[in-house]
file entry00.txt (compact mmCIF, C-alpha atoms)
# COMPACT_ATOMS: atom_id res chain seq x y z
CA MET A 1 -71.62 64.34 -12.76
CA SER A 2 -69.31 66.44 -10.66
CA PHE A 3 -67.85 64.89 -7.54
CA ILE A 4 -66.93 68.19 -6.01
CA ASP A 5 -69.60 69.84 -3.98
CA THR A 6 -68.07 72.86 -2.28
CA SER A 7 -71.19 73.75 -0.31
CA ALA A 8 -71.40 70.36 1.41
CA GLY A 9 -67.66 69.70 1.59
CA LEU A 10 -65.60 67.46 -0.63
CA ARG A 11 -67.24 64.32 -1.91
CA LEU A 12 -65.02 61.93 -3.76
CA PRO A 13 -66.18 59.25 -6.17
CA GLN A 14 -66.42 55.93 -4.38
CA PRO A 15 -65.06 52.75 -5.96
CA GLU A 16 -68.44 51.52 -7.14
CA GLU A 17 -69.15 54.89 -8.84
CA ILE A 18 -66.02 54.88 -10.99
CA PRO A 19 -66.43 53.19 -14.38
CA ASP A 20 -64.26 50.13 -15.02
CA ARG A 21 -62.66 51.86 -17.99
CA ASP A 22 -61.41 54.69 -15.74
CA LYS A 23 -60.07 52.20 -13.21
CA GLU A 24 -58.15 50.41 -15.96
CA ASP A 25 -56.78 53.69 -17.31
CA ALA A 26 -55.63 54.66 -13.81
CA MET A 27 -53.99 51.27 -13.32
CA GLY A 28 -52.23 51.62 -16.67
CA ALA A 29 -50.40 54.73 -15.44
CA TYR A 30 -48.48 52.65 -12.88
CA LEU A 31 -47.84 49.94 -15.44
CA MET A 32 -45.78 52.37 -17.52
CA MET A 33 -42.70 51.73 -15.39
CA PHE A 34 -42.80 48.09 -16.45
CA ALA A 35 -43.22 48.99 -20.12
CA SER A 36 -39.55 49.50 -20.78
CA LEU A 37 -38.62 46.38 -18.81
CA ALA A 38 -40.92 44.41 -21.10
CA ILE A 39 -39.06 45.57 -24.20
CA GLY A 40 -35.64 45.23 -22.58
CA LEU A 41 -34.85 48.82 -21.72
CA PRO A 42 -34.24 49.09 -17.99
CA ILE A 43 -33.05 52.68 -18.23
CA PRO A 44 -36.05 54.46 -16.78
CA LEU A 45 -35.81 57.43 -19.15
CA PHE A 46 -38.03 55.34 -21.38
CA ASN A 47 -40.59 54.80 -18.57
CA LEU A 48 -40.61 58.54 -18.07
CA ILE A 49 -41.33 59.17 -21.75
CA ALA A 50 -44.01 56.47 -21.64
CA SER A 51 -45.53 58.06 -18.52
CA VAL A 52 -45.58 61.54 -20.08
CA ILE A 53 -47.34 60.24 -23.18
CA TYR A 54 -49.78 58.25 -21.06
CA PHE A 55 -50.57 61.27 -18.92
CA PHE A 56 -51.28 63.54 -21.88
CA VAL A 57 -53.45 60.90 -23.54
CA ASN A 58 -55.53 60.17 -20.42
CA ARG A 59 -55.77 63.46 -18.58
CA LYS A 60 -58.88 64.60 -20.44
CA ASN A 61 -60.67 61.23 -20.42
CA SER A 62 -61.22 60.83 -16.71
CA VAL A 63 -60.36 62.79 -13.57
CA PHE A 64 -59.61 59.61 -11.66
CA ALA A 65 -57.18 58.36 -14.35
CA ALA A 66 -55.64 61.84 -14.69
CA PHE A 67 -54.92 61.98 -10.94
CA HIS A 68 -53.20 58.57 -10.97
CA SER A 69 -51.36 59.33 -14.25
CA LEU A 70 -49.93 62.57 -12.83
CA GLN A 71 -48.94 60.89 -9.58
CA ALA A 72 -47.23 58.04 -11.46
CA LEU A 73 -45.46 60.53 -13.72
CA LEU A 74 -44.15 62.68 -10.84
CA THR A 75 -42.92 59.68 -8.85
CA HIS A 76 -40.93 58.58 -11.87
CA ILE A 77 -38.76 61.70 -11.82
CA PRO A 78 -36.60 61.02 -8.71
CA VAL A 79 -36.07 57.41 -9.80
CA VAL A 80 -35.09 58.55 -13.29
CA LEU A 81 -32.55 60.99 -11.85
CA LEU A 82 -31.14 58.31 -9.55
CA ASN A 83 -30.82 55.79 -12.37
CA ALA A 84 -29.41 58.35 -14.80
CA GLY A 85 -26.71 59.06 -12.22
CA MET A 86 -26.01 55.33 -12.02
CA VAL A 87 -25.66 54.97 -15.78
CA GLY A 88 -23.49 58.10 -16.00
CA TRP A 89 -21.16 56.89 -13.26
CA LEU A 90 -20.95 53.42 -14.82
CA VAL A 91 -20.10 54.78 -18.26
CA GLY A 92 -17.57 57.16 -16.68
CA ASN A 93 -15.91 54.22 -14.90
CA LEU A 94 -15.76 52.23 -18.10
CA VAL A 95 -14.50 54.93 -20.41
CA VAL A 96 -12.45 57.30 -18.29
CA LYS A 97 -11.39 55.63 -15.04
CA ASP A 98 -9.70 52.33 -14.31
CA GLY A 99 -11.66 50.99 -11.38
CA PHE A 100 -14.83 51.05 -9.33
CA ALA A 101 -14.62 53.04 -6.11
CA PRO A 102 -16.38 51.75 -2.94
CA ALA A 103 -18.79 54.70 -3.18
CA PHE A 104 -19.89 53.43 -6.60
CA PHE A 105 -21.05 50.14 -5.09
CA TRP A 106 -22.86 51.96 -2.30
CA TYR A 107 -24.68 54.05 -4.92
CA LEU A 108 -25.37 50.91 -6.97
CA PHE A 109 -27.04 49.17 -4.02
CA PHE A 110 -28.89 52.33 -3.07
CA THR A 111 -30.25 52.60 -6.61
CA ILE A 112 -31.27 48.95 -6.65
CA LEU A 113 -33.07 49.29 -3.30
CA ALA A 114 -34.76 52.53 -4.37
CA ASN A 115 -35.96 50.88 -7.58
CA LEU A 116 -37.26 47.87 -5.65
CA THR A 117 -39.10 50.16 -3.25
CA TYR A 118 -40.53 52.02 -6.21
CA ILE A 119 -41.64 48.80 -7.93
CA ILE A 120 -43.37 47.60 -4.76
CA TRP A 121 -45.08 50.96 -4.33
CA SER A 122 -46.17 50.93 -7.97
CA ILE A 123 -47.69 47.46 -7.60
CA VAL A 124 -49.60 48.53 -4.49
CA ALA A 125 -50.75 51.69 -6.28
CA LEU A 126 -51.88 49.91 -9.43
CA VAL A 127 -53.88 47.34 -7.42
CA ARG A 128 -55.60 50.17 -5.54
CA ALA A 129 -56.26 52.09 -8.74
CA ARG A 130 -57.77 48.99 -10.34
CA LYS A 131 -60.13 48.73 -7.38
CA GLY A 132 -61.14 52.37 -7.80
CA ARG A 133 -59.36 53.54 -4.65
CA PHE A 134 -57.08 56.49 -4.04
CA ILE A 135 -53.51 56.24 -2.86
CA TYR A 136 -51.38 59.24 -1.98
CA PHE A 137 -47.64 59.27 -2.27
CA PRO A 138 -46.00 61.55 0.33
CA LEU A 139 -45.52 65.14 -0.93
CA ILE A 140 -46.64 64.34 -4.48
CA GLY A 141 -50.06 62.83 -3.71
CA ARG A 142 -51.37 65.98 -2.08
CA PHE A 143 -50.32 68.12 -5.06
CA CYS A 144 -51.90 65.74 -7.60
CA PHE A 145 -55.11 65.56 -5.58
CA GLY A 146 -55.31 69.35 -5.36
CA ARG A 147 -54.85 69.62 -9.10
CA TYR A 148 -57.75 67.35 -9.99
CA TYR A 149 -60.07 67.50 -6.96
CA GLY A 150 -59.07 70.81 -5.34
CA PRO A 151 -61.02 74.08 -5.25
CA ASN A 152 -59.78 75.25 -8.66
CA ALA A 153 -59.97 71.89 -10.39
CA GLU A 154 -63.42 72.47 -11.88
CA LYS A 155 -62.36 75.82 -13.35
CA ARG A 156 -59.19 74.29 -14.81
CA ARG A 157 -61.16 71.54 -16.49
CA ARG A 158 -63.50 73.96 -18.27
CA PRO A 159 -62.48 74.47 -21.91
CA ARG A 160 -61.04 77.93 -22.53
CA GLN A 161 -63.37 80.25 -24.35
CA TRP A 162 -61.74 81.78 -27.39
CA GLU A 163 -63.10 84.87 -29.00
CA ASN A 164 -61.89 85.87 -32.45
CA LYS A 165 -61.11 89.59 -32.65
CA PRO A 166 -60.06 91.91 -35.53
CA PRO A 167 -56.53 93.42 -35.52
CA GLU A 168 -56.04 96.31 -33.09
CA GLY A 169 -57.30 99.65 -34.39
CA PHE A 170 -59.11 98.10 -37.35
CA MET B 1 -52.84 69.61 11.77
CA ASN B 2 -51.99 72.67 9.72
CA ARG B 3 -50.54 72.61 6.24
CA VAL B 4 -46.93 73.12 7.30
CA GLY B 5 -47.23 70.36 9.88
CA ARG B 6 -48.62 67.93 7.33
CA LEU B 7 -45.89 68.84 4.86
CA ALA B 8 -43.24 68.34 7.54
CA ARG B 9 -44.69 64.95 8.44
CA GLU B 10 -44.69 63.80 4.80
CA LEU B 11 -41.18 65.15 4.27
CA GLY B 12 -40.08 63.29 7.40
CA ALA B 13 -41.58 60.04 6.03
CA VAL B 14 -39.73 60.42 2.72
CA CYS B 15 -36.45 61.27 4.48
CA THR B 16 -36.82 58.25 6.78
CA VAL B 17 -37.29 55.93 3.80
CA VAL B 18 -34.30 57.45 1.96
CA LEU B 19 -32.13 57.20 5.09
CA PHE B 20 -33.18 53.59 5.62
CA LEU B 21 -32.32 52.73 1.99
CA ALA B 22 -28.97 54.53 2.26
CA LEU B 23 -28.06 52.57 5.41
CA ALA B 24 -29.21 49.31 3.85
CA ALA B 25 -27.09 50.04 0.76
CA PHE B 26 -24.08 50.80 2.98
CA ALA B 27 -24.60 47.52 4.83
CA ALA B 28 -24.87 45.61 1.53
CA GLN B 29 -21.69 47.22 0.21
CA ARG B 30 -19.77 46.33 3.39
CA LEU B 31 -21.16 42.81 3.38
CA LEU B 32 -20.40 42.02 -0.26
CA PHE B 33 -17.07 43.89 -0.52
CA PRO B 34 -15.77 43.65 3.06
CA GLY B 35 -12.10 44.57 2.50
CA GLN B 36 -12.55 47.16 -0.22
CA ARG B 37 -10.90 50.43 0.71
CA ALA B 38 -9.55 51.57 -2.66
CA SER B 39 -11.03 51.25 -6.14
CA LEU B 40 -11.66 47.72 -7.30
CA ASP B 41 -8.89 46.98 -9.78
CA VAL B 42 -10.64 45.20 -12.62
CA ALA B 43 -7.45 45.04 -14.69
CA GLN B 44 -5.42 43.15 -12.05
CA THR B 45 -8.21 40.60 -11.53
CA LEU B 46 -8.59 40.01 -15.27
CA ASP B 47 -4.84 39.85 -15.83
CA ASP B 48 -4.44 37.04 -13.31
CA ALA B 49 -7.38 35.12 -14.72
CA LEU B 50 -6.57 35.50 -18.42
CA GLY B 51 -2.80 34.92 -18.39
CA PRO B 52 -2.79 31.09 -18.55
CA ILE B 53 -5.64 31.05 -21.09
CA MET B 54 -3.79 33.48 -23.38
CA ARG B 55 -0.59 31.43 -23.26
CA GLU B 56 -2.44 28.28 -24.27
CA GLN B 57 -4.42 30.10 -26.93
CA ILE B 58 -1.42 31.70 -28.65
CA ARG B 59 0.50 28.41 -28.67
CA ALA B 60 -2.53 26.62 -30.09
CA THR B 61 -3.34 29.13 -32.83
CA ALA B 62 0.06 30.51 -33.87
CA SER B 63 3.36 28.98 -34.83
CA VAL B 64 5.84 29.90 -32.08
CA VAL B 65 9.60 29.93 -32.78
CA GLU B 66 11.41 27.57 -30.38
CA ASP B 67 15.00 28.27 -31.53
CA ARG B 68 17.60 28.32 -28.75
CA GLU B 69 19.62 31.20 -30.24
CA VAL B 70 16.57 33.37 -30.65
CA THR B 71 15.45 32.59 -27.11
CA ARG B 72 18.91 33.49 -25.77
CA ALA B 73 18.94 36.76 -27.72
CA PHE B 74 15.59 37.83 -26.27
CA GLN B 75 16.66 36.72 -22.80
CA ALA B 76 19.72 38.96 -23.12
CA ILE B 77 17.62 41.97 -24.17
CA MET B 78 15.00 41.38 -21.48
CA GLY B 79 17.77 40.76 -18.96
CA ARG B 80 18.86 44.35 -19.50
CA LEU B 81 15.41 45.89 -19.69
CA LEU B 82 13.60 44.21 -16.79
CA PRO B 83 15.99 45.29 -13.98
CA ALA B 84 15.80 48.85 -15.33
CA ILE B 85 12.04 49.08 -14.76
CA PRO B 86 11.38 51.41 -11.80
CA ALA B 87 10.20 49.65 -8.63
CA GLU B 88 6.87 51.47 -8.52
CA ASP B 89 6.07 50.33 -12.06
CA ARG B 90 6.91 46.72 -11.18
CA ALA B 91 4.66 46.93 -8.15
CA ARG B 92 1.82 48.25 -10.32
CA ALA B 93 2.22 45.40 -12.78
CA ASP B 94 2.39 42.60 -10.26
CA GLY B 95 2.78 43.08 -6.53
CA ARG B 96 4.18 39.58 -5.91
CA LYS B 97 6.68 38.89 -8.66
CA PHE B 98 7.45 40.47 -11.98
CA THR B 99 7.63 37.98 -14.82
CA VAL B 100 7.23 38.70 -18.51
CA GLU B 101 7.17 36.06 -21.22
CA VAL B 102 8.23 36.86 -24.78
CA LEU B 103 6.98 34.64 -27.60
CA VAL B 104 8.37 34.91 -31.12
CA VAL B 105 5.53 34.19 -33.54
CA LYS B 106 6.12 33.13 -37.15
CA SER B 107 4.32 35.80 -39.11
CA PRO B 108 5.45 38.12 -41.93
CA GLU B 109 3.42 40.98 -40.45
CA ILE B 110 5.56 43.75 -38.94
CA ASN B 111 4.07 43.81 -35.49
CA ALA B 112 4.57 43.21 -31.79
CA PHE B 113 1.77 43.14 -29.24
CA THR B 114 1.08 42.54 -25.59
CA LEU B 115 -1.57 40.13 -24.37
CA PRO B 116 -3.20 39.90 -20.94
CA GLY B 117 -1.12 37.89 -18.50
CA ARG B 118 2.21 39.72 -19.06
CA LEU B 119 2.77 38.07 -22.44
CA ILE B 120 4.60 39.88 -25.27
CA CYS B 121 4.38 38.49 -28.80
CA VAL B 122 6.91 39.57 -31.44
CA ASN B 123 6.37 38.62 -35.07
CA THR B 124 9.31 37.36 -37.12
CA GLY B 125 8.38 40.01 -39.72
CA LEU B 126 9.26 42.73 -37.22
CA ILE B 127 12.46 41.04 -36.09
CA ARG B 128 13.68 40.87 -39.70
CA GLU B 129 12.94 44.57 -40.12
CA MET B 130 15.03 45.66 -37.11
CA SER B 131 18.68 46.37 -37.85
CA SER B 132 20.02 45.87 -34.31
CA ALA B 133 19.22 44.33 -30.94
CA GLU B 134 19.01 47.91 -29.57
CA GLU B 135 16.13 48.73 -31.92
CA MET B 136 14.40 45.52 -30.85
CA ALA B 137 14.97 46.59 -27.24
CA GLY B 138 13.15 49.86 -28.07
CA VAL B 139 10.11 47.94 -29.32
CA LEU B 140 10.20 45.61 -26.30
CA GLY B 141 10.44 48.65 -24.01
CA HIS B 142 7.27 49.98 -25.60
CA GLU B 143 5.52 46.65 -25.05
CA LEU B 144 6.80 46.49 -21.47
CA SER B 145 4.97 49.73 -20.80
CA HIS B 146 1.74 47.99 -21.81
CA VAL B 147 2.65 45.20 -19.39
CA VAL B 148 3.40 47.44 -16.41
CA HIS B 149 0.36 49.64 -17.03
CA ARG B 150 -1.79 46.56 -17.79
CA ASP B 151 -3.16 48.24 -20.90
CA PRO B 152 -4.50 45.11 -22.65
CA VAL B 153 -6.62 44.04 -19.69
CA THR B 154 -7.78 47.57 -18.95
CA LEU B 155 -8.99 47.88 -22.53
CA LEU B 156 -10.51 44.42 -22.37
CA ALA B 157 -12.34 45.25 -19.14
CA ARG B 158 -13.74 48.36 -20.79
CA GLN B 159 -14.80 46.45 -23.88
CA ILE B 160 -16.60 43.86 -21.78
CA GLY B 161 -18.31 46.64 -19.82
CA ILE B 162 -19.33 48.48 -22.96
CA ALA B 163 -20.70 45.30 -24.54
CA ALA B 164 -22.74 44.67 -21.39
CA LEU B 165 -23.93 48.27 -21.32
CA ALA B 166 -24.96 48.23 -25.01
CA ASN B 167 -26.83 45.01 -24.35
CA VAL B 168 -28.64 46.53 -21.38
CA VAL B 169 -29.54 49.74 -23.21
CA THR B 170 -30.85 48.04 -26.33
CA GLY B 171 -32.17 44.88 -24.71
CA GLY B 172 -29.92 42.88 -27.03
CA GLN B 173 -31.83 44.14 -30.05
CA GLY B 174 -29.60 45.85 -32.57
CA GLY B 175 -26.97 46.79 -30.00
CA ALA B 176 -24.07 45.71 -32.21
CA VAL B 177 -23.81 49.03 -34.04
CA LEU B 178 -24.01 51.08 -30.84
CA GLU B 179 -21.46 48.79 -29.23
CA ARG B 180 -19.11 49.10 -32.24
CA ILE B 181 -19.29 52.89 -32.16
CA ILE B 182 -18.60 53.14 -28.42
CA GLN B 183 -15.85 50.52 -28.66
CA THR B 184 -14.11 52.48 -31.42
CA MET B 185 -14.34 55.72 -29.43
CA VAL B 186 -12.92 54.05 -26.32
CA ASN B 187 -10.17 52.30 -28.31
CA VAL B 188 -9.07 55.56 -29.87
CA HIS B 189 -9.27 57.53 -26.62
CA TYR B 190 -7.57 55.00 -24.37
CA GLY B 191 -5.36 53.54 -27.12
CA ARG B 192 -3.66 56.83 -27.97
CA GLU B 193 -3.13 57.66 -24.32
CA ALA B 194 -1.57 54.24 -23.72
CA GLU B 195 0.56 54.28 -26.88
CA ASP B 196 1.97 57.76 -26.19
CA ARG B 197 2.74 56.73 -22.61
CA ALA B 198 4.41 53.54 -23.89
CA ASP B 199 6.62 55.53 -26.30
CA ALA B 200 7.83 57.80 -23.52
CA PHE B 201 8.32 54.83 -21.17
CA SER B 202 10.43 52.99 -23.75
CA VAL B 203 12.84 55.89 -24.26
CA ARG B 204 13.26 56.30 -20.48
CA LEU B 205 13.73 52.55 -20.01
CA LEU B 206 16.38 52.32 -22.74
CA ALA B 207 18.36 55.09 -21.07
CA ARG B 208 18.10 53.41 -17.65
CA ALA B 209 19.23 50.10 -19.18
CA GLY B 210 22.32 51.63 -20.80
CA ILE B 211 20.95 51.29 -24.33
CA PRO B 212 21.02 54.31 -26.68
CA PRO B 213 17.56 55.88 -26.20
CA ASP B 214 17.33 56.95 -29.85
CA SER B 215 17.07 53.25 -30.74
CA PHE B 216 13.33 53.48 -30.25
CA SER B 217 12.82 56.32 -32.72
CA ALA B 218 15.05 54.42 -35.16
CA ALA B 219 12.85 51.34 -34.76
CA LEU B 220 9.73 53.44 -35.35
CA ALA B 221 11.28 54.96 -38.48
CA ARG B 222 11.97 51.47 -39.86
CA ILE B 223 8.40 50.41 -39.15
CA ARG B 224 7.11 53.55 -40.89
CA ASP B 225 9.26 52.98 -43.96
CA SER B 226 8.28 49.36 -44.32
CA ALA B 227 4.57 49.59 -43.47
CA GLN B 228 1.88 50.16 -46.08
CA LYS B 229 0.33 53.61 -46.02
CA GLU B 230 -3.16 53.57 -44.57
CA PRO B 231 -5.97 55.66 -46.05
CA ASP B 232 -6.11 59.19 -44.59
CA LEU B 233 -9.56 58.75 -43.06
CA LEU B 234 -8.44 55.75 -40.99
CA LYS B 235 -6.04 57.93 -39.00
CA TYR B 236 -9.04 59.26 -37.04
CA ILE B 237 -9.88 55.83 -35.65
CA ASP B 238 -6.31 54.59 -35.30
CA PRO B 239 -5.46 54.05 -31.61
CA HIS B 240 -1.88 55.14 -32.39
CA SER B 241 -0.90 58.76 -32.86
CA PRO B 242 0.52 59.58 -36.33
CA ILE B 243 3.88 57.81 -36.60
CA ASP B 244 5.82 60.88 -37.74
CA SER B 245 4.85 62.79 -34.63
CA ARG B 246 5.73 59.73 -32.49
CA ILE B 247 9.19 59.58 -34.07
CA GLN B 248 9.67 63.31 -33.54
CA LYS B 249 8.65 63.10 -29.87
CA ALA B 250 10.83 60.04 -29.25
CA ARG B 251 13.86 61.80 -30.80
CA GLU B 252 13.31 64.90 -28.71
CA GLN B 253 12.97 62.87 -25.52
CA ALA B 254 16.04 60.75 -26.38
CA GLY B 255 18.06 63.94 -26.79
CA GLN B 256 17.31 64.87 -23.19
CA GLU B 257 18.30 61.50 -21.65
CA GLN B 258 21.79 61.02 -20.19
CA VAL B 259 23.20 57.58 -20.92
CA VAL B 260 26.47 55.64 -20.95
CA PRO B 261 25.77 53.02 -23.61
CA ARG B 262 26.72 49.39 -23.06
CA PRO B 263 26.36 47.18 -26.15
CA LEU B 264 23.94 44.26 -25.98
CA PRO B 265 25.67 40.86 -26.24
CA VAL B 266 23.56 39.77 -29.21
CA ASP B 267 24.62 38.96 -32.77
CA TRP B 268 21.52 40.43 -34.34
CA LYS B 269 22.44 39.69 -37.94
CA ARG B 270 22.69 36.03 -37.04
CA ILE B 271 19.25 36.10 -35.38
CA VAL B 272 17.75 37.67 -38.51
CA ARG B 273 19.43 34.98 -40.64
CA VAL B 274 18.01 32.23 -38.41
CA LEU B 275 14.52 33.63 -38.79
CA SER B 276 14.71 34.40 -42.51
CA PRO B 277 12.79 31.98 -44.72
CA ALA B 278 15.13 29.55 -46.49

call {"tool": "encode", "arguments": {"input": "entry00.txt", "output": "structure tokens"}}
result
Amino acid sequence: MSFIDTSAGLRLPQPEEIPDRDKEDAMGAYLMMFASLAIGLPIPLFNLIASVIYFFVNRKNSVFAAFHSLQALLTHIPVVLLNAGMVGWLVGNLVVKDGFAPAFFWYLFFTILANLTYIIWSIVALVRARKGRFIYFPLIGRFCFGRYYGPNAEKRRRPRQWENKPPEGF
Amino acid sequence: MNRVGRLARELGAVCTVVLFLALAAFAAQRLLFPGQRASLDVAQTLDDALGPIMREQIRATASVVEDREVTRAFQAIMGRLLPAIPAEDRARADGRKFTVEVLVVKSPEINAFTLPGRLICVNTGLIREMSSAEEMAGVLGHELSHVVHRDPVTLLARQIGIAALANVVTGGQGGAVLERIIQTMVNVHYGREAEDRADAFSVRLLARAGIPPDSFSAALARIRDSAQKEPDLLKYIDPHSPIDSRIQKAREQAGQEQVVPRPLPVDWKRIVRVLSPA
């Protein structure tokens, strides 16, 4: 069943219409950020890798899960960059320099607060996804929605037709 | 609302959150480190904390020579070297007072080392190898550089940091190998820098103290001749530069120093006799 009816405007699947399996898959996308914490790897590069794998595994199973997986994946990127900067600066301080500048501590607290904000947002998002609801992160949410529920989404989902042809001039 | 307006609103929301977090982080930094204007000096903090522990530890685990003649000889050498240390170097080592303790440790190994807390340990094996008090002064000058630049604590701070980092990265699972590799790299990188700086410092200090500056290269040559040759591959992870090049550099630098030598009031042969096994 398609949830996009262009003649009558956009109709989205309502929570009761989404299968439980899809809701769980969508929730799982936001759980990826906790995956590395669970195995003792707080450097979020590992969450990013986990999110990328999760996205590619789930994107063809359900549109609802694909939307949430892509949104979770894209929101990981700024946090990964922020934390990578933190790790880089820390290693630089340890190996090359002798002390920790005041700016380092400011960046440390900023990174901690940004991560906390991100964790809170992820928890809110995963609860909503489990209930079959949509949540849109500023800037990213709109793009993800357009990709899976926008005007060209149906066309993008259709499998590409491949036609075998002989070599040119044969 | 048109598309641009919506985009601007969302961008504004993100910027507001980022600005709020940045201000909160600034407030936290000011609250937790109120007086911090310059870089937090980890080495100074560790040096103060570890000094008394190191003194107790070395006395508990090693046999320290308590001979009056030996103590007087080292006091005479240090009495010449310490006043010759430039004021800015003293201030770097300890802003309040500059005290250095020398312990003579009974050990046949030809070695001298500096521990956190401005503590220099000299093995009896090294003392027996030196042919004069001036050569010993060269070695002590080298160790004094480690004291004034707080090399042991700086290295220790880095090792603690690296251990913590390896633990964080691996979650404590199999981090020992990673930690070992990073530690070795840091030891070699920082160690060579510190050792080369200490060699140059020693030659300068000897000249300032009225001791022939080529005494240091002479001491190094004795250490080279008496030490066992290490396998070639180990030179890549040795925190010291190759000893021949160190001797060469020390000789060149000594040749450039202007000095009016004043002999040290120490009967070195007697000191060596006192410390020689019966």

call {"tool": "atom_distance", "arguments": {"input": "entry00.txt", "atom1": "CA of Phe64 in chain A", "atom2": "CA of Gly132 in chain A"}}
result
8.3 Å

call {"tool": "closest_residue", "arguments": {"input": "entry00.txt", "among": "B:Ala198, B:Leu50, B:Leu82, B:Ala166", "to": "chain A", "atoms": "only C-alpha atoms"}}
result
B:Ala166

call {"tool": "residues_around", "arguments": {"input": "entry00.txt", "residues": "Tyr148 in chain A", "least_positions_apart": "5", "cutoff": "8 Å", "atoms": "all atoms listed in the file", "output": "MDAnalysis selection string"}}
result
chainID A and resid 63 66:67 153:154

call {"tool": "write_last_selection", "arguments": {"input": "entry00.txt", "atoms": "C-alpha atoms", "output": "mmCIF file, keeping the file's coordinate frame"}}
result
data_model
loop_
_atom_site.group_PDB
_atom_site.id
_atom_site.type_symbol
_atom_site.label_atom_id
_atom_site.label_comp_id
_atom_site.auth_asym_id
_atom_site.auth_seq_id
_atom_site.Cartn_x
_atom_site.Cartn_y
_atom_site.Cartn_z
ATOM 1 C CA VAL A 63 -60.360 62.790 -13.570
ATOM 2 C CA ALA A 66 -55.640 61.840 -14.690
ATOM 3 C CA PHE A 67 -54.920 61.980 -10.940
ATOM 4 C CA ALA A 153 -59.970 71.890 -10.390
ATOM 5 C CA GLU A 154 -63.420 72.470 -11.880
#

call {"tool": "atom_distance", "arguments": {"input": "entry00.txt", "atom1": "CA of Ala103 in chain A", "atom2": "CA of Leu19 in chain B"}}
result
15.9 Å

call {"tool": "residues_near_point", "arguments": {"input": "entry00.txt", "point": "(6.2, 49.2, -20.8)", "cutoff": "9 Å", "atoms": "only C-alpha atoms", "output": "short mmCIF file (atom, residue, chain, number, x, y, z; two decimals) with C-alpha atoms, keeping the file's coordinate frame"}}
result
data_model
loop_
_atom_site.label_atom_id
_atom_site.label_comp_id
_atom_site.auth_asym_id
_atom_site.auth_seq_id
_atom_site.Cartn_x
_atom_site.Cartn_y
_atom_site.Cartn_z
CA ILE B 85 12.04 49.08 -14.76
CA ASP B 89 6.07 50.33 -12.06
CA LEU B 140 10.20 45.61 -26.30
CA GLY B 141 10.44 48.65 -24.01
CA HIS B 142 7.27 49.98 -25.60
CA GLU B 143 5.52 46.65 -25.05
CA LEU B 144 6.80 46.49 -21.47
CA SER B 145 4.97 49.73 -20.80
CA HIS B 146 1.74 47.99 -21.81
CA VAL B 147 2.65 45.20 -19.39
CA VAL B 148 3.40 47.44 -16.41
CA HIS B 149 0.36 49.64 -17.03
CA ARG B 150 -1.79 46.56 -17.79
CA ARG B 197 2.74 56.73 -22.61
CA ALA B 198 4.41 53.54 -23.89
CA ASP B 199 6.62 55.53 -26.30
CA PHE B 201 8.32 54.83 -21.17
CA SER B 202 10.43 52.99 -23.75
CA LEU B 205 13.73 52.55 -20.01
#

call {"tool": "closest_residue", "arguments": {"input": "entry00.txt", "among": "A:Val57, A:Leu113, A:Leu48, A:Ala101", "to": "Leu81 in chain A", "atoms": "all atoms listed in the file"}}
result
A:Leu48

call {"tool": "closest_residue", "arguments": {"input": "entry00.txt", "among": "B:Ala254, B:Met130, B:Ile160, B:Leu81", "to": "chain A", "atoms": "only C-alpha atoms"}}
result
B:Ile160

call {"tool": "atom_distance", "arguments": {"input": "entry00.txt", "atom1": "CA of Val18 in chain B", "atom2": "CA of Phe110 in chain A"}}
result
9.0 Å

call {"tool": "closest_residue", "arguments": {"input": "entry00.txt", "among": "A:Met86, A:Arg160, A:Ala72, A:Pro19", "to": "chain B", "atoms": "all atoms listed in the file"}}
result
A:Met86

call {"tool": "closest_residue", "arguments": {"input": "entry00.txt", "among": "B:Ala25, B:Cys15, B:Ile223, B:Leu119", "to": "Phe104 in chain A", "atoms": "only C-alpha atoms"}}
result
B:Ala25

call {"tool": "closest_residue", "arguments": {"input": "entry00.txt", "among": "B:Ser131, B:Gln57, B:Gln75, B:Gln29", "to": "Leu115 in chain B", "atoms": "all atoms listed in the file"}}
result
B:Gln57

call {"tool": "residues_around", "arguments": {"input": "entry00.txt", "residues": "Gln71 in chain A", "least_positions_apart": "6", "cutoff": "12 Å", "atoms": "all atoms listed in the file", "output": "ChimeraX atom specification"}}
result
/A:26-27,29-30,51-52,54-55,59,64-65,77,121-122,125-126,129,134-148

call {"tool": "residues_around", "arguments": {"input": "entry00.txt", "residues": "Arg180 in chain B", "least_positions_apart": "6", "cutoff": "10 Å", "atoms": "all atoms listed in the file", "output": "mmCIF file with C-alpha atoms, in the coordinates of the input"}}
result
data_model
loop_
_atom_site.group_PDB
_atom_site.id
_atom_site.type_symbol
_atom_site.label_atom_id
_atom_site.label_comp_id
_atom_site.auth_asym_id
_atom_site.auth_seq_id
_atom_site.Cartn_x
_atom_site.Cartn_y
_atom_site.Cartn_z
ATOM 1 C CA GLN B 159 -14.800 46.450 -23.880
ATOM 2 C CA ILE B 162 -19.330 48.480 -22.960
ATOM 3 C CA ALA B 163 -20.700 45.300 -24.540
ATOM 4 C CA ALA B 166 -24.960 48.230 -25.010
ATOM 5 C CA VAL B 186 -12.920 54.050 -26.320
#
